[in-house]
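coords14.tsv follows; it contains TSV, N, CA and C atoms.
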chain	number	residue	atom	x	y	z
A	1	MET	N	98.33	92.52	119.75
A	1	MET	CA	99.34	91.49	119.75
A	1	MET	C	100.67	92.13	119.37
A	2	THR	N	101.73	91.75	120.08
A	2	THR	CA	103.08	92.22	119.78
A	2	THR	C	103.89	91.06	119.23
A	3	ARG	N	104.65	91.36	118.17
A	3	ARG	CA	105.53	90.33	117.61
A	3	ARG	C	106.72	90.99	116.93
A	4	GLN	N	107.72	90.17	116.61
A	4	GLN	CA	108.90	90.68	115.94
A	4	GLN	C	109.08	89.97	114.61
A	5	ILE	N	109.59	90.74	113.64
A	5	ILE	CA	110.03	90.14	112.38
A	5	ILE	C	111.48	90.55	112.16
A	6	THR	N	112.17	89.78	111.36
A	6	THR	CA	113.56	90.07	111.01
A	6	THR	C	113.57	90.82	109.69
A	7	VAL	N	114.34	91.90	109.65
A	7	VAL	CA	114.46	92.70	108.43
A	7	VAL	C	115.94	92.90	108.14
A	8	GLU	N	116.38	92.44	106.98
A	8	GLU	CA	117.78	92.57	106.59
A	8	GLU	C	117.95	93.77	105.66
A	9	GLY	N	119.07	94.47	105.82
A	9	GLY	CA	119.38	95.57	104.93
A	9	GLY	C	119.26	96.95	105.55
A	10	MET	N	118.75	97.04	106.78
A	10	MET	CA	118.67	98.34	107.44
A	10	MET	C	120.06	98.69	107.97
A	11	SER	N	120.53	99.91	107.67
A	11	SER	CA	121.87	100.29	108.13
A	11	SER	C	121.91	101.62	108.86
A	12	CYS	N	120.76	102.32	108.95
A	12	CYS	CA	120.77	103.64	109.59
A	12	CYS	C	119.37	103.99	110.08
A	13	GLY	N	119.28	105.15	110.73
A	13	GLY	CA	117.99	105.61	111.21
A	13	GLY	C	116.99	105.86	110.10
A	14	GLY	N	117.48	106.30	108.95
A	14	GLY	CA	116.59	106.53	107.81
A	14	GLY	C	115.98	105.23	107.32
A	15	CYS	N	116.79	104.17	107.33
A	15	CYS	CA	116.28	102.85	106.95
A	15	CYS	C	115.19	102.40	107.92
A	16	GLU	N	115.46	102.60	109.22
A	16	GLU	CA	114.47	102.24	110.23
A	16	GLU	C	113.16	102.98	109.98
A	17	GLU	N	113.26	104.27	109.70
A	17	GLU	CA	112.07	105.08	109.47
A	17	GLU	C	111.29	104.62	108.24
A	18	THR	N	112.00	104.26	107.19
A	18	THR	CA	111.36	103.77	105.97
A	18	THR	C	110.57	102.50	106.26
A	19	VAL	N	111.18	101.57	106.98
A	19	VAL	CA	110.52	100.30	107.31
A	19	VAL	C	109.34	100.54	108.24
A	20	GLU	N	109.53	101.37	109.26
A	20	GLU	CA	108.44	101.67	110.19
A	20	GLU	C	107.24	102.28	109.46
A	21	ASN	N	107.50	103.24	108.60
A	21	ASN	CA	106.41	103.89	107.87
A	21	ASN	C	105.69	102.91	106.95
A	22	ALA	N	106.45	102.04	106.29
A	22	ALA	CA	105.83	101.05	105.41
A	22	ALA	C	104.92	100.12	106.21
A	23	LEU	N	105.38	99.72	107.38
A	23	LEU	CA	104.57	98.81	108.20
A	23	LEU	C	103.36	99.50	108.81
A	24	ARG	N	103.52	100.75	109.20
A	24	ARG	CA	102.39	101.49	109.79
A	24	ARG	C	101.27	101.71	108.78
A	25	ASP	N	101.59	101.63	107.49
A	25	ASP	CA	100.57	101.77	106.45
A	25	ASP	C	99.78	100.48	106.22
A	26	VAL	N	100.22	99.38	106.80
A	26	VAL	CA	99.53	98.09	106.63
A	26	VAL	C	98.29	98.08	107.54
A	27	PRO	N	97.12	97.78	106.97
A	27	PRO	CA	95.92	97.68	107.80
A	27	PRO	C	96.11	96.67	108.93
A	28	GLY	N	95.76	97.07	110.14
A	28	GLY	CA	95.90	96.19	111.30
A	28	GLY	C	97.14	96.48	112.13
A	29	VAL	N	98.08	97.26	111.60
A	29	VAL	CA	99.29	97.62	112.36
A	29	VAL	C	99.02	98.92	113.09
A	30	THR	N	99.24	98.91	114.41
A	30	THR	CA	99.04	100.12	115.20
A	30	THR	C	100.35	100.82	115.51
A	31	ASP	N	101.47	100.09	115.48
A	31	ASP	CA	102.78	100.70	115.69
A	31	ASP	C	103.86	99.75	115.21
A	32	ALA	N	105.02	100.34	114.86
A	32	ALA	CA	106.17	99.55	114.44
A	32	ALA	C	107.42	100.28	114.89
A	33	GLU	N	108.36	99.54	115.49
A	33	GLU	CA	109.63	100.10	115.96
A	33	GLU	C	110.76	99.23	115.42
A	34	ALA	N	111.57	99.82	114.53
A	34	ALA	CA	112.67	99.09	113.90
A	34	ALA	C	113.97	99.33	114.66
A	35	ASP	N	114.87	98.34	114.62
A	35	ASP	CA	116.18	98.44	115.24
A	35	ASP	C	117.21	97.86	114.27
A	36	ASN	N	117.98	98.74	113.62
A	36	ASN	CA	118.93	98.24	112.62
A	36	ASN	C	120.10	97.51	113.26
A	37	GLU	N	120.34	97.71	114.55
A	37	GLU	CA	121.44	97.02	115.25
A	37	GLU	C	121.14	95.52	115.37
A	38	THR	N	119.86	95.18	115.55
A	38	THR	CA	119.48	93.78	115.74
A	38	THR	C	118.74	93.20	114.54
A	39	ASP	N	118.53	94.03	113.50
A	39	ASP	CA	117.78	93.60	112.30
A	39	ASP	C	116.37	93.11	112.63
A	40	THR	N	115.75	93.76	113.60
A	40	THR	CA	114.39	93.37	113.98
A	40	THR	C	113.45	94.56	113.95
A	41	VAL	N	112.17	94.25	113.82
A	41	VAL	CA	111.12	95.25	113.95
A	41	VAL	C	110.07	94.66	114.89
A	42	THR	N	109.71	95.44	115.90
A	42	THR	CA	108.66	95.05	116.82
A	42	THR	C	107.37	95.71	116.34
A	43	ILE	N	106.35	94.89	116.15
A	43	ILE	CA	105.09	95.34	115.55
A	43	ILE	C	103.95	95.12	116.52
A	44	GLU	N	103.11	96.15	116.65
A	44	GLU	CA	101.87	96.05	117.42
A	44	GLU	C	100.72	95.97	116.42
A	45	GLY	N	99.81	95.03	116.64
A	45	GLY	CA	98.65	94.92	115.78
A	45	GLY	C	98.38	93.49	115.37
A	46	ASP	N	97.41	93.34	114.48
A	46	ASP	CA	96.98	92.00	114.10
A	46	ASP	C	97.02	91.76	112.59
A	47	ALA	N	97.88	92.46	111.88
A	47	ALA	CA	98.00	92.24	110.44
A	47	ALA	C	98.63	90.88	110.16
A	48	PRO	N	98.23	90.24	109.07
A	48	PRO	CA	98.82	88.94	108.71
A	48	PRO	C	100.32	89.08	108.40
A	49	ASP	N	101.08	88.04	108.74
A	49	ASP	CA	102.52	88.04	108.48
A	49	ASP	C	102.84	88.31	107.02
A	50	ALA	N	102.07	87.73	106.12
A	50	ALA	CA	102.33	87.91	104.68
A	50	ALA	C	102.23	89.38	104.29
A	51	ASP	N	101.31	90.12	104.89
A	51	ASP	CA	101.17	91.55	104.59
A	51	ASP	C	102.36	92.35	105.12
A	52	LEU	N	102.86	91.94	106.28
A	52	LEU	CA	104.02	92.62	106.86
A	52	LEU	C	105.26	92.41	105.99
A	53	VAL	N	105.50	91.18	105.61
A	53	VAL	CA	106.65	90.86	104.76
A	53	VAL	C	106.54	91.59	103.43
A	54	ALA	N	105.37	91.60	102.83
A	54	ALA	CA	105.18	92.26	101.54
A	54	ALA	C	105.46	93.77	101.65
A	55	ALA	N	105.01	94.39	102.72
A	55	ALA	CA	105.24	95.83	102.91
A	55	ALA	C	106.72	96.14	103.04
A	56	VAL	N	107.43	95.34	103.79
A	56	VAL	CA	108.88	95.56	103.96
A	56	VAL	C	109.60	95.33	102.64
A	57	GLU	N	109.23	94.30	101.92
A	57	GLU	CA	109.89	94.01	100.64
A	57	GLU	C	109.58	95.10	99.61
A	58	ASP	N	108.36	95.63	99.64
A	58	ASP	CA	108.00	96.74	98.74
A	58	ASP	C	108.83	97.99	99.06
A	59	ALA	N	109.27	98.12	100.32
A	59	ALA	CA	110.10	99.26	100.74
A	59	ALA	C	111.58	99.04	100.40
A	60	GLY	N	111.92	97.84	99.89
A	60	GLY	CA	113.28	97.59	99.44
A	60	GLY	C	114.15	96.77	100.38
A	61	TYR	N	113.54	96.12	101.35
A	61	TYR	CA	114.31	95.31	102.33
A	61	TYR	C	113.80	93.88	102.32
A	62	GLN	N	114.59	92.99	102.91
A	62	GLN	CA	114.21	91.58	103.00
A	62	GLN	C	113.66	91.31	104.40
A	63	ALA	N	112.53	90.62	104.45
A	63	ALA	CA	111.89	90.35	105.75
A	63	ALA	C	111.56	88.89	105.90
A	64	THR	N	111.59	88.45	107.17
A	64	THR	CA	111.19	87.10	107.54
A	64	THR	C	110.30	87.21	108.77
A	65	ALA	N	109.11	86.63	108.68
A	65	ALA	CA	108.18	86.69	109.81
A	65	ALA	C	108.33	85.45	110.67

Please go through the file and, once you have read it, give me the structure as structure tokens.
Amino acid sequence: MTRQITVEGMSCGGCEETVENALRDVPGVTDAEADNETDTVTIEGDAPDADLVAAVEDAGYQATA
């Protein structure tokens, strides 16, 4: 399943990488691609929204699923 979440606070490629890595560590996520220009992350997998939001917030950003 592919879906997008909104992530606020990303301002550079390093931020994108931090968010992507945090999400890829969530069980059920097979891939994550962040875009700081649109404040979105496209996620492949079947992890629960709450787990995705928690992972992004643990990485220091604000997320909305």

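Comparing the minimum interatomic distances between Ala59 (chain A) and each of A:Glu33, A:Thr2, A:Val19, A:Val7, counting all atoms listed in the file, we find that A:Val19 sits nearest.
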
Discussion item. Show me the residues close to (110.7, 98.3, 103.9) - anything with an atom within 8 Å, counting all atoms listed in the file - and format the list as a list in words.
Written reply: Cys15, Glu17, Thr18, Val19, Glu20, Asn21, Ala22, Leu23, Val53, Ala54, Ala55, Val56, Glu57, Asp58, Ala59, Gly60, Tyr61, Gln62 and Ala63 of chain A

Discussion item. As an exercise, work out the distance from CA of Leu52 (chain A) to CA of Asn36 (chain A) in Å and give it to one decimal place.
Written reply: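 Those two atoms sit 16.9 Å apart.
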
Discussion item. Show me the residues around (105.8, 81.0, 108.1) - criterion: an atom at most 8 Å away, only N, CA and C atoms counted - as a list in words.
Written reply: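 It turns out the residues near that spot are Asp49, Ala50, Thr64 and Ala65 of chain A.
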
Worksheet item: Which value, in Å to one decimal, gives the distance between CA of Gly9 (chain A) and CA of Asp39 (chain A)?
Response: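 We find that CA of Gly9 (chain A) and CA of Asp39 (chain A) lie 7.8 Å from each other.
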
Item to complete: Measuring atom to atom with all atoms listed in the file, identify which of A:Val41, A:Ala47, A:Cys12, A:Met1 is nearest to Pro27 (chain A).
Response: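 The shortest atom-to-atom distance to Pro27 (chain A) comes from A:Ala47.
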
Item to complete: Using DSSP on the backbone, list every residue of chain A that comes out as alpha helix (DSSP H), and give them as JSON, numbers by chain.
Response: {"A": [13, 14, 15, 16, 17, 18, 19, 20, 21, 22, 23, 24, 49, 50, 51, 52, 53, 54, 55, 56, 57, 58]}

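For the pair CA of Gly13 (chain A) and atom C of Asp31 (chain A), the separation is 15.8 Å.
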
What are the centre and edge lengths in Å, to one decimal, of the axis-aligned box around all listed atoms of region 10-20 of chain A with 8 Å added on each side, as JSON?
{"center_x": 114.6, "center_y": 101.8, "center_z": 108.6, "size_x": 30.7, "size_y": 25.5, "size_z": 21.2}

Worksheet item: So which bits of chain A end up strand (DSSP E) when you DSSP the backbone, as a list in words?
Response: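 These are the residues in question: Thr2, Arg3, Gln4, Ile5, Thr6, Val7, Glu8, Val29, Thr30, Asp31, Ala32, Glu33, Ala34, Asp35, Thr40, Val41, Thr42, Ile43, Glu44, Gly45, Gln62, Ala63 and Thr64 of chain A.
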
Practice prompt. Considering only C-alpha atoms, return as a ChimeraX atom specification whatever protein or nucleic-acid residues lie within 9 Å of Thr40 (chain A), sequence-local ones (same chain, fewer than 2 positions apart) excluded.
Written response: /A:4-8,33-38,42
